[in-house]
Amino acid sequence: MKRNLYILSLLLMSTVAFVSCSYDEWTDPVSTEVPEKSFIVKDTVKVKFTDGGAAVELPVGRDDVSCQINGGYVTLTNTNETDELVFVLSGASTNGGLIYNGTFKCTMIIDNLSLVSSQGPAIDIQCGKRIAVRLTEGSVNYLEDAAGGTHKGSFYCRGHVQLSGNGELTVKGNTANGIHVKEYLRVAKSFGTLNISQTVGHAVKVGEEVEIQGGTFNLSVDNEDTKALNSDSTITISGGTFNVVANGDGTRGIQANYDIEINENDGPTNIIVEANGGKCSDENEHRCMGIKTDLVFKMSAGYVKVTKLKNSARGIRCLSKELTGGTCDAEFKEGL
């Protein structure tokens with residue numbers, strides 16, 4: 001309803017306690033210094049996954065953080081509401097996953113982590129606050145969820161996600177989306193690489209605004225009416241490299257319910273999108289589109305190219321466009 005009203009208005013106006021299964025000697029994988037200064041980092045919780053089971057290292061003297069371990073599956077519960085905790089996730093398990101329950105913002109450091117879950121999401125963050133997720137420098141990380149579930153993503157967060165760190169993350173979504181963030185998603189200039197090419201649903205699904213300052217994004221979708229990068233609000237890209245493929249009928253490479261804005265305020269922006277599908281089989285016959293916004297496509301700097309293999313596909317579909325700079329090599333379709 002809000003979006004419809006907005007469209008109408010546009011038209012009208014134009015130390016440590018240790019819990020573990022057996023594993024090798026613990027080594028501190030990364031400095032837990034966090035660059036943000038608006039909070040106090042008090043303690044660190046370390047979680048290491050192995051095929052023999054998971055190990056959790058809890059801070060001494062805190063009764064507001066607890067864990068449950070069932071083989072390779074870890075449930076962390078954090079009732080702290082006064083200071084930010086850091087959670088370091090590392091190791092590998094072919095039958096493991098993490099559930100985080102919390103009521104306060106936190107930082108999660110992902111350090112050469114590989115999780116394949118058979119019981120739901122690989123990482124399930126049940127916290128409505130800001131979650132800072134940082135990949136360690138040069139790390140290679142992999143997340144895969146269970147098939148046939150009811151969950152929304154291989155990586156799911158009920159709150160806000162701030163993504164940073166020059167590592168690499170590959171995600172596979174066997175039930176629904178690869179990454180599903182209920183509220184906003186912000187990606188820092190320091191971010192490395194995100195690879196998502198195998199999902200049942202969308203590659204990246206975000207409930208609120210998306211702001212991307214940098215990084216490399218290799219995203220593709222194949223199933224009918226899915227999106228590679230999808231926001232229920234706005235998408236702003238101010239730096240980064242995007243290789244996006246929409247292969248299936250009715251798929252979209254990048255889609256926002258509100259405005260999409262492209263600039264280079266934080267670094268070079270290069271966006272390549274392929275729209276390779278046809279129309280959906282449903283009664284609405286949704287078309288495959290490279291980029292779609294229900295409102296305004298804005299571009300002031302950077303490079304955007306959309307190619308399409310089928311005549312029924314669209315390049316960029318928007319209510320209207322504002323092109324004030326940069327290079328946009330795409331066919332536009334404007335209007336309702």
# chains A, B, ... in the order shown; residues from 1 in each chain; ligands from 1
call {"tool": "residues_around", "arguments": {"residues": "A:Thr216", "least_positions_apart": "3", "cutoff": "12 Å", "atoms": "only C-alpha atoms", "output": "MDAnalysis selection string"}}
result
chainID A and resid 164:170 187:196 212:213 219 237 239:244 268:272
call {"tool": "residues_around", "arguments": {"residues": "A:Lys308", "least_positions_apart": "5", "cutoff": "9 Å", "atoms": "only C-alpha atoms", "output": "PyMOL selection string"}}
result
chain A and resi 273-277+288-290+313-315
call {"tool": "residues_around", "arguments": {"residues": "A:Val200", "least_positions_apart": "5", "cutoff": "8 Å", "atoms": "only C-alpha atoms", "output": "VMD selection string"}}
result
chain A and resid 173 to 177 223
call {"tool": "select_by_dssp", "arguments": {"residues": "stretch 52-154 of chain A", "states": "strand (DSSP E or B)", "output": "ChimeraX atom specification"}}
result
/A:53-59,65-70,72-78,84-93,96-102,106-116,123-126,130-135,140-144,153-154
call {"tool": "atom_distance", "arguments": {"atom1": "atom CA of A:Val210", "atom2": "atom CA of A:Glu285"}}
result
27.3 Å
call {"tool": "residues_around", "arguments": {"residues": "A:His286", "least_positions_apart": "3", "cutoff": "6 Å", "atoms": "only C-alpha atoms", "output": "mmCIF file with all heavy atoms, in the first residue's frame"}}
result
data_model
loop_
_atom_site.group_PDB
_atom_site.id
_atom_site.type_symbol
_atom_site.label_atom_id
_atom_site.label_comp_id
_atom_site.auth_asym_id
_atom_site.auth_seq_id
_atom_site.Cartn_x
_atom_site.Cartn_y
_atom_site.Cartn_z
ATOM 1 N N GLY A 250 11.092 -15.426 -16.119
ATOM 2 C CA GLY A 250 10.591 -14.497 -15.113
ATOM 3 C C GLY A 250 11.598 -14.083 -14.063
ATOM 4 O O GLY A 250 11.243 -13.393 -13.106
ATOM 5 N N LYS A 279 9.299 -15.604 -20.394
ATOM 6 C CA LYS A 279 8.195 -15.238 -19.521
ATOM 7 C C LYS A 279 7.878 -16.366 -18.548
ATOM 8 O O LYS A 279 8.065 -17.541 -18.841
ATOM 9 C CB LYS A 279 6.949 -14.927 -20.357
ATOM 10 C CG LYS A 279 7.056 -13.705 -21.233
ATOM 11 C CD LYS A 279 5.757 -13.487 -21.979
ATOM 12 C CE LYS A 279 5.823 -12.252 -22.876
ATOM 13 N NZ LYS A 279 4.550 -12.064 -23.614
ATOM 14 N N CYS A 280 7.343 -15.965 -17.379
ATOM 15 C CA CYS A 280 6.846 -16.951 -16.425
ATOM 16 C C CYS A 280 5.657 -17.695 -17.017
ATOM 17 O O CYS A 280 4.989 -17.201 -17.937
ATOM 18 C CB CYS A 280 6.395 -16.263 -15.136
ATOM 19 S SG CYS A 280 7.694 -16.046 -13.932
#
call {"tool": "closest_atom_pairs", "arguments": {"of": "stretch 106-219 of chain A", "to": "stretch 71-75 of chain A", "cutoff": "10 Å", "atoms": "only C-alpha atoms", "output": "CSV"}}
result
residue,atom,partner,partner_atom,distance
A:Leu115,CA,A:Gly72,CA,9.1
A:Val116,CA,A:Gly72,CA,9.8
A:Ser117,CA,A:Tyr73,CA,8.5
A:Ser118,CA,A:Tyr73,CA,9.9
A:Gln119,CA,A:Tyr73,CA,8.8
A:Ala122,CA,A:Tyr73,CA,9.3
A:Ile123,CA,A:Val74,CA,9.8
A:Asp124,CA,A:Thr75,CA,9.4
call {"tool": "write_last_selection", "arguments": {"atoms": "C-alpha atoms", "output": "JSON list (two decimals), in the first residue's frame"}}
result
[["chain", "number", "residue", "atom", "x", "y", "z"],
["A", 115, "LEU", "CA", 29.18, -25.53, 7.28],
["A", 116, "VAL", "CA", 26.83, -27.97, 5.56],
["A", 117, "SER", "CA", 23.62, -28.41, 7.52],
["A", 118, "SER", "CA", 21.12, -31.25, 7.32],
["A", 119, "GLN", "CA", 18.79, -29.71, 9.90],
["A", 122, "ALA", "CA", 23.77, -23.19, 8.10],
["A", 123, "ILE", "CA", 23.62, -19.96, 10.13],
["A", 124, "ASP", "CA", 20.35, -18.83, 11.73]]
call {"tool": "closest_residue", "arguments": {"among": "A:Asn95, A:Thr324, A:Asn263, A:Ser281", "to": "A:Gly120", "atoms": "only C-alpha atoms"}}
result
A:Asn95
call {"tool": "decode", "arguments": {"residues": "stretch 293-320 of chain A", "atoms": "N, CA and C atoms", "output": "short mmCIF file (atom, residue, chain, number, x, y, z; two decimals), in the first residue's frame"}}
result
data_model
loop_
_atom_site.label_atom_id
_atom_site.label_comp_id
_atom_site.auth_asym_id
_atom_site.auth_seq_id
_atom_site.Cartn_x
_atom_site.Cartn_y
_atom_site.Cartn_z
N THR A 293 12.96 -1.87 -11.15
CA THR A 293 12.53 -1.09 -10.00
C THR A 293 11.11 -0.61 -10.24
N ASP A 294 10.30 -0.64 -9.21
CA ASP A 294 8.93 -0.15 -9.34
C ASP A 294 8.89 1.37 -9.38
N LEU A 295 10.01 2.02 -9.04
CA LEU A 295 10.03 3.47 -9.04
C LEU A 295 11.12 3.99 -9.98
N VAL A 296 12.13 4.70 -9.47
CA VAL A 296 13.07 5.43 -10.31
C VAL A 296 14.42 4.72 -10.36
N PHE A 297 14.96 4.59 -11.56
CA PHE A 297 16.33 4.11 -11.75
C PHE A 297 17.21 5.35 -11.90
N LYS A 298 18.14 5.53 -10.94
CA LYS A 298 19.00 6.71 -10.91
C LYS A 298 20.44 6.29 -11.12
N MET A 299 21.14 7.01 -11.98
CA MET A 299 22.55 6.70 -12.21
C MET A 299 23.32 8.00 -12.45
N SER A 300 24.36 8.22 -11.62
CA SER A 300 25.18 9.42 -11.76
C SER A 300 26.63 9.10 -12.08
N ALA A 301 27.05 7.86 -11.93
CA ALA A 301 28.42 7.46 -12.24
C ALA A 301 28.48 5.94 -12.30
N GLY A 302 29.59 5.41 -12.88
CA GLY A 302 29.77 3.97 -12.96
C GLY A 302 29.45 3.41 -14.33
N TYR A 303 29.40 2.09 -14.40
CA TYR A 303 29.15 1.39 -15.66
C TYR A 303 28.12 0.30 -15.42
N VAL A 304 27.09 0.29 -16.24
CA VAL A 304 26.05 -0.73 -16.18
C VAL A 304 25.82 -1.26 -17.59
N LYS A 305 25.83 -2.58 -17.73
CA LYS A 305 25.51 -3.21 -19.01
C LYS A 305 24.54 -4.35 -18.78
N VAL A 306 23.45 -4.35 -19.54
CA VAL A 306 22.48 -5.44 -19.46
C VAL A 306 22.32 -6.06 -20.83
N THR A 307 22.58 -7.35 -20.93
CA THR A 307 22.37 -8.08 -22.17
C THR A 307 21.20 -9.03 -22.00
N LYS A 308 20.53 -9.36 -23.10
CA LYS A 308 19.41 -10.31 -23.03
C LYS A 308 19.43 -11.23 -24.24
N LEU A 309 19.13 -12.49 -23.97
CA LEU A 309 19.18 -13.49 -25.03
C LEU A 309 17.84 -13.66 -25.75
N LYS A 310 16.74 -13.35 -25.07
CA LYS A 310 15.42 -13.58 -25.65
C LYS A 310 14.69 -12.26 -25.86
N ASN A 311 13.93 -12.18 -26.93
CA ASN A 311 13.19 -10.95 -27.22
C ASN A 311 12.16 -10.62 -26.14
N SER A 312 11.68 -11.65 -25.45
CA SER A 312 10.68 -11.41 -24.41
C SER A 312 11.28 -10.87 -23.12
N ALA A 313 12.59 -10.91 -23.01
CA ALA A 313 13.25 -10.38 -21.81
C ALA A 313 13.35 -8.86 -21.90
N ARG A 314 13.54 -8.23 -20.74
CA ARG A 314 13.72 -6.79 -20.68
C ARG A 314 15.12 -6.47 -20.16
N GLY A 315 15.63 -5.31 -20.57
CA GLY A 315 16.91 -4.85 -20.02
C GLY A 315 16.71 -4.24 -18.66
N ILE A 316 16.20 -2.99 -18.62
CA ILE A 316 15.88 -2.31 -17.37
C ILE A 316 14.44 -1.84 -17.44
N ARG A 317 13.64 -2.21 -16.43
CA ARG A 317 12.25 -1.79 -16.34
C ARG A 317 12.11 -0.88 -15.13
N CYS A 318 11.53 0.31 -15.30
CA CYS A 318 11.38 1.25 -14.21
C CYS A 318 10.19 2.15 -14.48
N LEU A 319 9.73 2.84 -13.44
CA LEU A 319 8.68 3.83 -13.63
C LEU A 319 9.23 5.01 -14.42
N SER A 320 10.45 5.45 -14.04
CA SER A 320 11.13 6.53 -14.75
C SER A 320 12.62 6.40 -14.50
#
